[in-house]
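Structure first, then comments.
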Amino acid sequence: MYLEKISSLPKKFIKKLEDVDNLNIYLVQDYNVKLLNSIVDFSVNIFGEASLDQWGIVPQIRRGNVFLLKEDIKNKVMGIGILMRDWDDADKAYLFDFAISEEYQGLGVGFQFLKGIIENLIDQNFLRMNLTVDVDNEGAIHLYKDKLGFKNIAREEDEFGKDEHRYVMELDFEDFKKKFQAK
Ligand SMILES: CC(C)(COP(=O)(O)OP(=O)(O)OC[C@H]1O[C@@H](n2cnc3c(N)ncnc32)[C@H](O)[C@@H]1OP(=O)(O)O)[C@@H](O)C(=O)NCCC(=O)NCCS
């Protein structure tokens, strides 16, 4: 079994999307060449030269957590979320990559997907997560901060090269549970 089903997005939400009949969140447990290529293609499409290739994605599948958002009838990967455990704080997960395919952005899919990932991390006993985001990425900042409750804890200058400034954001899962009354 390559993909372990974690959860399904609410039917009420899926009805709002054209051309989509179901949407499930999967944790990648293993892969074949076809699955690996579809993950790499998705990632290259969104992140271009900043994308992980198979040499980066395979260790994440084996040692980290790679989540996929997938439409099963048309077998379409619509989102990816890659996480690693923080070396200095084993209760913290770091969101390394997160993206929704371009044609489905801005429809609430990213919110539903990340919320499902966080619920799974809570089930895995993580206590918090963090991420970095481009200071100009208004959509992502709005999603993380206003919709999900991440707090902006630092700003890193030239983090990925000249003028590639990032905000560091963190979410305490107790705050998340309070916000969504999840548990
Ligand atoms: C960032 C990203 C993951 C968000 O996913 P998404 O499915 O587009 O987000 P949602 O539709 O769930 O949006 C959540 C909120 O952000 C808003 N939003 C989405 N894109 C936006 C944009 N470009 N500008 C402003 N607000 C935006 C939505 O309106 C929604 O807010 P609302 O409920 O108050 O209306 C997605 O746009 C993406 O993959 N972008 C390219 C890759 C990327 O930047 N990844 C983040 C790396 S840190």
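Quick note on naming: the chains in the structure tokens go A, B, ... in the order shown, residues restart at 1 in each chain, and ligands are numbered from 1 in order of appearance.
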Any residue with an atom at most 9 Å from ligand 1 counts, using only C-alpha atoms and all ligand atoms. Which are they? Put them as a compact mmCIF listing (two decimals) with N, CA and C atoms, in the first residue's frame.
# COMPACT_ATOMS: atom_id res chain seq x y z
N ILE A 46 4.89 23.81 -9.49
CA ILE A 46 4.58 24.92 -8.58
C ILE A 46 5.84 25.69 -8.17
N PHE A 47 6.88 24.96 -7.80
CA PHE A 47 8.04 25.63 -7.19
C PHE A 47 9.20 25.86 -8.17
N GLY A 79 -2.74 18.60 -4.22
CA GLY A 79 -1.98 19.33 -3.21
C GLY A 79 -0.90 18.46 -2.61
N ILE A 80 0.12 19.14 -2.07
CA ILE A 80 1.21 18.41 -1.42
C ILE A 80 1.63 19.15 -0.15
N LEU A 95 6.93 22.48 8.48
CA LEU A 95 6.30 22.36 7.16
C LEU A 95 7.28 22.86 6.12
N PHE A 96 7.81 21.92 5.39
CA PHE A 96 8.91 22.20 4.46
C PHE A 96 8.37 22.70 3.11
N ASP A 97 7.31 22.06 2.62
CA ASP A 97 6.67 22.46 1.35
C ASP A 97 5.17 22.34 1.51
N PHE A 98 4.44 23.29 0.94
CA PHE A 98 2.99 23.19 0.98
C PHE A 98 2.45 23.88 -0.27
N ALA A 99 1.63 23.20 -1.03
CA ALA A 99 1.10 23.82 -2.25
C ALA A 99 -0.18 23.13 -2.72
N ILE A 100 -0.98 23.93 -3.41
CA ILE A 100 -2.21 23.48 -4.07
C ILE A 100 -2.02 23.74 -5.56
N SER A 101 -2.51 22.82 -6.41
CA SER A 101 -2.30 23.04 -7.85
C SER A 101 -3.00 24.33 -8.27
N GLU A 102 -2.35 25.00 -9.21
CA GLU A 102 -2.73 26.37 -9.56
C GLU A 102 -4.23 26.53 -9.85
N TYR A 104 -6.72 25.13 -8.69
CA TYR A 104 -7.63 25.03 -7.53
C TYR A 104 -7.27 25.99 -6.40
N GLN A 105 -6.35 26.92 -6.66
CA GLN A 105 -5.99 27.88 -5.61
C GLN A 105 -7.10 28.91 -5.39
N GLY A 106 -7.19 29.41 -4.17
CA GLY A 106 -8.14 30.48 -3.87
C GLY A 106 -9.57 30.01 -3.68
N LEU A 107 -9.77 28.68 -3.54
CA LEU A 107 -11.13 28.13 -3.39
C LEU A 107 -11.36 27.53 -2.00
N GLY A 108 -10.37 27.70 -1.12
CA GLY A 108 -10.51 27.13 0.23
C GLY A 108 -9.91 25.73 0.36
N VAL A 109 -9.32 25.22 -0.74
CA VAL A 109 -8.75 23.87 -0.71
C VAL A 109 -7.53 23.81 0.22
N GLY A 110 -6.66 24.82 0.13
CA GLY A 110 -5.46 24.85 0.96
C GLY A 110 -5.80 24.86 2.44
N PHE A 111 -6.83 25.61 2.80
CA PHE A 111 -7.26 25.66 4.20
C PHE A 111 -7.71 24.28 4.67
N GLN A 112 -8.55 23.62 3.88
CA GLN A 112 -9.07 22.30 4.26
C GLN A 112 -7.93 21.28 4.36
N PHE A 113 -6.99 21.35 3.42
CA PHE A 113 -5.88 20.39 3.37
C PHE A 113 -4.97 20.57 4.59
N LEU A 114 -4.57 21.83 4.86
CA LEU A 114 -3.64 22.05 5.98
C LEU A 114 -4.31 21.74 7.33
N LEU A 131 6.87 26.97 10.24
CA LEU A 131 7.11 27.06 8.79
C LEU A 131 7.75 28.40 8.52
N THR A 132 8.27 28.58 7.31
CA THR A 132 8.66 29.92 6.89
C THR A 132 7.92 30.24 5.60
N VAL A 133 7.66 31.52 5.41
CA VAL A 133 6.90 31.94 4.23
C VAL A 133 7.49 33.25 3.70
N ASP A 134 7.49 33.38 2.39
CA ASP A 134 7.97 34.60 1.74
C ASP A 134 7.17 35.79 2.28
N ASN A 137 4.19 36.80 0.21
CA ASN A 137 3.19 35.80 -0.17
C ASN A 137 1.90 36.01 0.64
N GLU A 138 1.13 37.03 0.20
CA GLU A 138 -0.04 37.46 0.98
C GLU A 138 -1.07 36.35 1.18
N GLY A 139 -1.30 35.55 0.13
CA GLY A 139 -2.29 34.49 0.23
C GLY A 139 -1.92 33.47 1.29
N ALA A 140 -0.66 33.02 1.25
CA ALA A 140 -0.21 32.01 2.21
C ALA A 140 -0.20 32.59 3.63
N ILE A 141 0.25 33.85 3.76
CA ILE A 141 0.30 34.47 5.09
C ILE A 141 -1.12 34.57 5.67
N HIS A 142 -2.07 34.96 4.84
CA HIS A 142 -3.47 35.06 5.29
C HIS A 142 -3.99 33.69 5.74
N LEU A 143 -3.66 32.66 4.95
CA LEU A 143 -4.10 31.30 5.30
C LEU A 143 -3.50 30.86 6.64
N TYR A 144 -2.19 31.00 6.78
CA TYR A 144 -1.53 30.51 7.99
C TYR A 144 -1.96 31.32 9.22
N ASP A 146 -4.34 34.20 9.65
CA ASP A 146 -5.72 34.59 9.97
C ASP A 146 -6.66 33.39 10.01
N LYS A 147 -6.45 32.43 9.10
CA LYS A 147 -7.40 31.31 9.02
C LYS A 147 -7.07 30.20 10.02
From a backbone DSSP assignment, name each residue in region 6-149 of chain A labelled strand (DSSP E or B), as JSON, numbers by chain. {"A": [6, 7, 8, 24, 25, 26, 27, 28, 65, 66, 67, 68, 69, 70, 71, 76, 77, 78, 79, 80, 81, 82, 83, 84, 85, 86, 89, 90, 91, 92, 93, 94, 95, 96, 97, 98, 99, 100, 128, 129, 130, 131, 132, 133, 134]}
At a cut-off of 12 Å, can you tabulate as JSON lines every residue of region 146-167 of chain A near region 116-119 of chain A together with its closest atom pair and the distance in Å to one decimal, using only C-alpha atoms and ordering rows by chain then number?
{"residue": "A:Leu148", "atom": "CA", "partner": "A:Ile118", "partner_atom": "CA", "distance": 9.7}
{"residue": "A:Gly149", "atom": "CA", "partner": "A:Ile118", "partner_atom": "CA", "distance": 11.7}
{"residue": "A:Phe150", "atom": "CA", "partner": "A:Ile118", "partner_atom": "CA", "distance": 11.6}
Dump as an mmCIF file, in the first residue's frame, selection limited to C-alpha atoms:
data_model
loop_
_atom_site.group_PDB
_atom_site.id
_atom_site.type_symbol
_atom_site.label_atom_id
_atom_site.label_comp_id
_atom_site.auth_asym_id
_atom_site.auth_seq_id
_atom_site.Cartn_x
_atom_site.Cartn_y
_atom_site.Cartn_z
ATOM 1 C CA LEU A 148 -5.373 28.777 11.048
ATOM 2 C CA GLY A 149 -3.923 30.833 13.914
ATOM 3 C CA PHE A 150 -0.153 30.701 13.244
#
With only C-alpha atoms as the counted atoms, please give the residues lying no more than 7 Å from region 6-21 of chain A, apart from itself and same-chain residues fewer than 3 positions off, as a CSV table (one decimal) with N, CA and C atoms, in the first residue's frame.
chain,number,residue,atom,x,y,z
A,24,ASN,N,-9.4,13.4,-0.9
A,24,ASN,CA,-8.8,12.7,0.2
A,24,ASN,C,-7.4,13.1,0.6
A,25,ILE,N,-7.1,13.1,1.8
A,25,ILE,CA,-5.7,13.3,2.3
A,25,ILE,C,-5.0,12.0,2.5
A,26,TYR,N,-3.9,11.8,1.9
A,26,TYR,CA,-3.1,10.6,2.1
A,26,TYR,C,-1.7,10.9,2.6
A,27,LEU,N,-1.2,9.9,3.4
A,27,LEU,CA,0.2,10.0,3.8
A,27,LEU,C,0.9,8.9,3.0
A,71,GLU,N,-7.7,13.6,-5.8
A,71,GLU,CA,-9.0,13.3,-6.3
A,71,GLU,C,-8.9,11.9,-6.9
A,112,GLN,N,-8.6,23.6,3.9
A,112,GLN,CA,-9.1,22.3,4.3
A,112,GLN,C,-7.9,21.3,4.4
Counting only C-alpha atoms, the residue among A:His165, A:Arg62, A:Lys178, A:Lys5 that lies closest to Tyr31 (chain A) is A:Arg62
Can you tell me which residues surround Asn130 (chain A) at a distance of at most 6 Å, considering only C-alpha atoms, apart from same-chain residues fewer than 6 positions away, and format the answer as an mmCIF file with N, CA and C atoms, in the first residue's frame?
data_model
loop_
_atom_site.group_PDB
_atom_site.id
_atom_site.type_symbol
_atom_site.label_atom_id
_atom_site.label_comp_id
_atom_site.auth_asym_id
_atom_site.auth_seq_id
_atom_site.Cartn_x
_atom_site.Cartn_y
_atom_site.Cartn_z
ATOM 1 N N TYR A 94 8.033 20.623 11.164
ATOM 2 C CA TYR A 94 8.359 21.761 10.299
ATOM 3 C C TYR A 94 7.751 21.523 8.916
ATOM 4 N N MET A 169 6.790 31.357 11.190
ATOM 5 C CA MET A 169 5.481 31.289 11.855
ATOM 6 C C MET A 169 5.353 29.998 12.615
ATOM 7 N N GLU A 170 4.655 30.087 13.749
ATOM 8 C CA GLU A 170 4.510 28.884 14.576
ATOM 9 C C GLU A 170 3.059 28.728 15.036
#
Counting only C-alpha atoms, the option among A:Trp87, A:Phe160, A:Phe173, A:Trp55 closest to Phe126 (chain A):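 The shortest atom-to-atom distance to Phe126 (chain A) comes from A:Phe173.
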Do you know which residues are at most 12 Å from Gly161 (chain A) counting only C-alpha atoms, after dropping those on the same chain fewer than 5 positions away, and could you put them as a PyMOL selection string? chain A and resi 50+134+156+166
10 Å contact set for Glu174 (chain A), only C-alpha atoms, chain neighbours under 2 positions out, as a ChimeraX atom specification: /A:122,127-128,171-172,176-179,181-183
Those residues you just picked out, can you put them in a file as a short mmCIF file (atom, residue, chain, number, x, y, z; two decimals), in the first residue's frame with N, CA and C atoms?
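What follows is the written file result.cif:
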data_model
loop_
_atom_site.label_atom_id
_atom_site.label_comp_id
_atom_site.auth_asym_id
_atom_site.auth_seq_id
_atom_site.Cartn_x
_atom_site.Cartn_y
_atom_site.Cartn_z
N ILE A 122 -1.57 16.14 15.19
CA ILE A 122 -2.03 16.07 16.59
C ILE A 122 -2.22 14.59 16.97
N LEU A 127 3.13 18.56 19.23
CA LEU A 127 2.52 19.62 20.04
C LEU A 127 2.46 20.96 19.30
N ARG A 128 3.30 21.11 18.28
CA ARG A 128 3.33 22.40 17.56
C ARG A 128 3.97 22.20 16.20
N LEU A 171 2.63 27.49 15.13
CA LEU A 171 1.27 27.20 15.62
C LEU A 171 1.37 26.22 16.78
N ASP A 172 0.84 26.66 17.94
CA ASP A 172 0.74 25.78 19.10
C ASP A 172 -0.57 25.01 18.95
N PHE A 176 -4.75 25.78 18.32
CA PHE A 176 -5.52 25.25 17.19
C PHE A 176 -6.77 24.52 17.70
N LYS A 177 -6.59 23.67 18.74
CA LYS A 177 -7.73 22.91 19.27
C LYS A 177 -8.79 23.86 19.81
N LYS A 178 -8.32 24.92 20.50
CA LYS A 178 -9.29 25.89 21.03
C LYS A 178 -10.04 26.56 19.88
N LYS A 179 -9.31 26.95 18.84
CA LYS A 179 -9.91 27.68 17.72
C LYS A 179 -10.95 26.81 17.00
N GLN A 181 -12.07 23.72 18.20
CA GLN A 181 -12.72 22.77 19.11
C GLN A 181 -12.58 21.36 18.58
N ALA A 182 -11.35 21.04 18.07
CA ALA A 182 -11.14 19.74 17.43
C ALA A 182 -11.17 18.59 18.43
N LYS A 183 -10.55 18.79 19.59
CA LYS A 183 -10.50 17.69 20.55
C LYS A 183 -10.86 18.22 21.93
#
Coordinates-based distance that separates CA of Val28 (chain A) from CA of Val66 (chain A) (Å, one decimal): 5.6 Å
Report the residues of chain A whose backbone DSSP state falls under alpha helix (DSSP H), written as an NGL selection string. :A and (11-14 or 33-47 or 54-63 or 109-123 or 138-141 or 173-180)
Using only C-alpha atoms, which of A:Asp41, A:Asp88, A:Asp30, A:Asp175 sits nearest Lys151 (chain A)? A:Asp175
